[in-house]
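Written out below as structure tokens is the structure these notes cover.
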Amino acid sequence: MDDVTGTAPPDDPAGRVLGVVLAAGAGTRYGMPKILAHDGRWLERAVAALRDGGCSEVTVAMGAAVVEPPAGAETLIVEDWADGVGATVAAALRWAMARPDAAGLTVHVVDTPATGADVVARVLGAASGDRALLARAVFDGSPGHPVYIGADHFGPALRVVDGDVGAQVYLRSRAVTRVECGDLAPGVDTDERP
């Protein structure tokens, strides 16, 4: 895996870079769907990170709870969300595949509220809208989100994700550009309430 430190999203990629916030789960360990956490502020931060970080279109994948998306985002209802994170990732990939001008998809999660637009911009800067590239934020060397999936990977990744198997298995089997972002955010998922 390559390590890259970029600073800005591409100015004019070969296609649009889409963004999706994964927020369909029930948040069992957290005690409620995380899409509702802190009166929706986590969701607002995740959408703003993608939008302000350089994604031209943002959607929120939701299922266990359905809410009005924040300004600048669409809603992607995941009917089979209870099957696991793979169902949500698959829905996001299908959503991106329906947009033929998409160069890539940036996958973010709702439960990393400290991850902002600067992290997304750095990952997108490293990806440069490359349809063949996979890139992900790492925090002091530990992999995290967001993850950039170039459009050439949409179909192959979709064949791998299923149930509780998200994109991690696919990413582990491919070369992924690692973008160090530990200077910008901790990158830690919040799974339980303090």
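Convention: chains lettered A, B, ... in structure tokens order; per-chain residue numbering from 1; ligands numbered from 1 as shown.
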Compile a residue-level contact table for stretch 61-165 of chain A against stretch 33-37 of chain A at a cut-off of 10 Å, reporting for every qualifying residue the shortest atom pair and its distance in Å to one decimal, with only C-alpha atoms counted, rows ordered by chain and ascending number, as CSV.
```
residue,atom,partner,partner_atom,distance
A:Ala61,CA,A:Ile35,CA,9.6
A:Met62,CA,A:Ile35,CA,7.7
A:Gly63,CA,A:Pro33,CA,9.2
A:Ala64,CA,A:Pro33,CA,6.5
A:Ala65,CA,A:Pro33,CA,6.5
A:Val66,CA,A:Ile35,CA,8.4
A:Val67,CA,A:Ile35,CA,8.1
A:Pro69,CA,A:Ile35,CA,9.8
A:Val109,CA,A:Lys34,CA,9.7
A:Val110,CA,A:Ile35,CA,6.5
A:Asp111,CA,A:Lys34,CA,6.6
```
Just list the residues in stretch 7-191 of chain A DSSP gives strand (DSSP E or B) on the backbone, as a VMD selection string.
chain A and resid 16 to 22 57 to 62 74 to 77 102 to 109 134 to 139 142 to 150 162 165 177 to 180
DSSP says helix (DSSP H, G or I) for which residues of stretch 61-115 of chain A? Put them as number ranges by chain?
A: 81-83, 85-97
Can you write out the residues you just picked, keeping all heavy atoms, as a CSV table (one decimal), in the first residue's frame?
```csv
chain,number,residue,atom,x,y,z
A,81,TRP,N,-31.4,-3.3,5.3
A,81,TRP,CA,-30.3,-2.8,6.2
A,81,TRP,C,-30.0,-3.8,7.3
A,81,TRP,O,-28.9,-3.9,7.8
A,81,TRP,CB,-30.7,-1.5,6.8
A,81,TRP,CG,-31.9,-1.5,7.7
A,81,TRP,CD1,-33.2,-1.3,7.3
A,81,TRP,CD2,-31.9,-1.8,9.1
A,81,TRP,NE1,-34.0,-1.5,8.4
A,81,TRP,CE2,-33.3,-1.8,9.5
A,81,TRP,CE3,-30.9,-2.2,10.0
A,81,TRP,CZ2,-33.7,-2.1,10.8
A,81,TRP,CZ3,-31.3,-2.4,11.3
A,81,TRP,CH2,-32.7,-2.4,11.7
A,82,ALA,N,-31.0,-4.5,7.8
A,82,ALA,CA,-30.8,-5.5,8.9
A,82,ALA,C,-30.0,-6.6,8.5
A,82,ALA,O,-29.5,-7.4,9.4
A,82,ALA,CB,-32.2,-5.9,9.4
A,83,ASP,N,-29.7,-6.9,7.3
A,83,ASP,CA,-28.9,-8.0,6.8
A,83,ASP,C,-27.4,-7.7,7.2
A,83,ASP,O,-26.6,-8.6,7.2
A,83,ASP,CB,-29.0,-8.2,5.3
A,83,ASP,CG,-30.3,-8.8,5.0
A,83,ASP,OD1,-31.1,-9.2,5.9
A,83,ASP,OD2,-30.6,-8.8,3.7
A,85,VAL,N,-23.9,-4.5,7.3
A,85,VAL,CA,-23.3,-3.4,6.7
A,85,VAL,C,-23.1,-3.6,5.2
A,85,VAL,O,-23.1,-2.7,4.4
A,85,VAL,CB,-22.0,-3.0,7.4
A,85,VAL,CG1,-20.9,-4.1,7.2
A,85,VAL,CG2,-21.5,-1.6,6.9
A,86,GLY,N,-22.9,-4.9,4.8
A,86,GLY,CA,-22.7,-5.2,3.4
A,86,GLY,C,-23.9,-4.8,2.5
A,86,GLY,O,-23.8,-4.3,1.4
A,87,ALA,N,-25.1,-4.9,3.1
A,87,ALA,CA,-26.3,-4.5,2.4
A,87,ALA,C,-26.3,-3.0,2.1
A,87,ALA,O,-26.7,-2.5,1.1
A,87,ALA,CB,-27.6,-4.9,3.2
A,88,THR,N,-25.8,-2.3,3.1
A,88,THR,CA,-25.8,-0.8,3.0
A,88,THR,C,-24.7,-0.4,2.0
A,88,THR,O,-24.9,0.5,1.1
A,88,THR,CB,-25.5,-0.1,4.3
A,88,THR,OG1,-26.6,-0.6,5.2
A,88,THR,CG2,-25.6,1.4,4.2
A,89,VAL,N,-23.6,-1.0,2.0
A,89,VAL,CA,-22.5,-0.7,1.1
A,89,VAL,C,-22.9,-1.1,-0.3
A,89,VAL,O,-22.7,-0.4,-1.3
A,89,VAL,CB,-21.2,-1.4,1.5
A,89,VAL,CG1,-20.1,-1.3,0.4
A,89,VAL,CG2,-20.7,-0.9,2.8
A,90,ALA,N,-23.6,-2.3,-0.5
A,90,ALA,CA,-24.1,-2.7,-1.8
A,90,ALA,C,-25.1,-1.7,-2.4
A,90,ALA,O,-25.0,-1.3,-3.5
A,90,ALA,CB,-24.7,-4.1,-1.7
A,91,ALA,N,-26.0,-1.2,-1.5
A,91,ALA,CA,-26.9,-0.1,-2.0
A,91,ALA,C,-26.2,1.1,-2.4
A,91,ALA,O,-26.6,1.7,-3.4
A,91,ALA,CB,-27.9,0.2,-0.8
A,92,ALA,N,-25.2,1.5,-1.7
A,92,ALA,CA,-24.4,2.7,-2.1
A,92,ALA,C,-23.7,2.5,-3.4
A,92,ALA,O,-23.6,3.4,-4.2
A,92,ALA,CB,-23.4,3.0,-1.0
A,93,LEU,N,-23.1,1.3,-3.6
A,93,LEU,CA,-22.4,1.0,-4.9
A,93,LEU,C,-23.4,1.0,-6.0
A,93,LEU,O,-23.1,1.6,-7.1
A,93,LEU,CB,-21.7,-0.3,-4.8
A,93,LEU,CG,-20.5,-0.3,-3.9
A,93,LEU,CD1,-20.0,-1.8,-3.7
A,93,LEU,CD2,-19.3,0.5,-4.6
A,94,ARG,N,-24.6,0.5,-5.8
A,94,ARG,CA,-25.6,0.5,-6.9
A,94,ARG,C,-26.1,1.9,-7.2
A,94,ARG,O,-26.3,2.3,-8.4
A,94,ARG,CB,-26.8,-0.4,-6.5
A,94,ARG,CG,-26.5,-1.9,-6.6
A,94,ARG,CD,-27.8,-2.7,-6.5
A,94,ARG,NE,-28.4,-2.6,-5.2
A,94,ARG,CZ,-28.2,-3.3,-4.1
A,94,ARG,NH1,-27.3,-4.3,-4.2
A,94,ARG,NH2,-28.8,-3.1,-3.0
A,95,TRP,N,-26.2,2.7,-6.2
A,95,TRP,CA,-26.5,4.1,-6.3
A,95,TRP,C,-25.5,4.8,-7.2
A,95,TRP,O,-25.8,5.6,-8.1
A,95,TRP,CB,-26.7,4.8,-5.0
A,95,TRP,CG,-26.9,6.3,-5.0
A,95,TRP,CD1,-28.0,6.9,-5.2
A,95,TRP,CD2,-25.9,7.3,-4.7
A,95,TRP,NE1,-27.8,8.3,-5.2
A,95,TRP,CE2,-26.5,8.5,-4.9
A,95,TRP,CE3,-24.5,7.2,-4.4
A,95,TRP,CZ2,-25.8,9.7,-4.7
A,95,TRP,CZ3,-23.8,8.4,-4.2
A,95,TRP,CH2,-24.5,9.6,-4.4
A,96,ALA,N,-24.2,4.6,-6.9
A,96,ALA,CA,-23.1,5.2,-7.6
A,96,ALA,C,-23.1,4.7,-9.1
A,96,ALA,O,-22.8,5.5,-10.0
A,96,ALA,CB,-21.8,5.0,-6.9
A,97,MET,N,-23.3,3.4,-9.3
A,97,MET,CA,-23.3,2.8,-10.6
A,97,MET,C,-24.3,3.4,-11.5
A,97,MET,O,-24.2,3.4,-12.7
A,97,MET,CB,-23.4,1.3,-10.5
A,97,MET,CG,-22.2,0.6,-9.9
A,97,MET,SD,-22.4,-1.1,-9.6
A,97,MET,CE,-22.4,-1.8,-11.2
```
Name the residues in contact with A:Ala157 at a cut-off of 12 Å, using only C-alpha atoms, excluding same-chain residues fewer than 2 positions from it; report them as JSON, numbers by chain.
{"A": [86, 89, 90, 91, 92, 93, 94, 97, 105, 134, 149, 150, 151, 152, 153, 154, 155, 159, 160, 161, 162, 165, 166, 167, 168, 169, 170, 171, 172, 173, 174]}
Give me the residues within 6 Å of stretch 48-56 of chain A as a list of chain:residue names, counting only C-alpha atoms and dropping any in the same chain fewer than 4 places off.
A:Pro9, A:Val17, A:Leu18, A:Gly19, A:Gly116, A:Ala117, A:Val120, A:Ala121
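Of the residues under consideration (A:Pro70, A:Gly84, A:Pro113, A:Gly40), A:Gly84 shows the shortest atom-to-atom contact distance to A:Thr28 when counting only C-alpha atoms.
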So how many Å separate atom CA of A:Leu158 and atom CA of A:Gly104, to one decimal?
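Computed distance, atom CA of A:Leu158 to atom CA of A:Gly104, equals 13.8 Å.
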What does the structure give for the distance between atom CA of A:Arg45 and atom CA of A:Asp101, in Å to one decimal?
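Taking atom CA of A:Arg45 and atom CA of A:Asp101, their separation equals 26.1 Å.
Picture a line from atom CA of A:Glu79 to atom CA of A:Val47; it runs 21.0 Å.
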Could you check which of A:Ala103, A:Met32, A:Cys181, A:Leu43 is closest to A:Val123, using only C-alpha atoms?
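Selected residue with least distance to A:Val123: A:Cys181.
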Please provide the set of residues having any atom within 10 Å of A:Gly144, restricted to only C-alpha atoms, with same-chain residues fewer than 2 positions apart removed, written as a list of chain:residue names.
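Residues near the query, excluding close chain neighbours: A:His108, A:Val109, A:Thr112, A:Arg136, A:Ala137, A:Val138, A:Phe139, A:Gly141, A:Ser142, A:Pro146, A:Val147, A:Arg178, A:Val179, A:Glu180, A:Cys181, A:Pro186, A:Gly187, A:Val188, A:Asp189.
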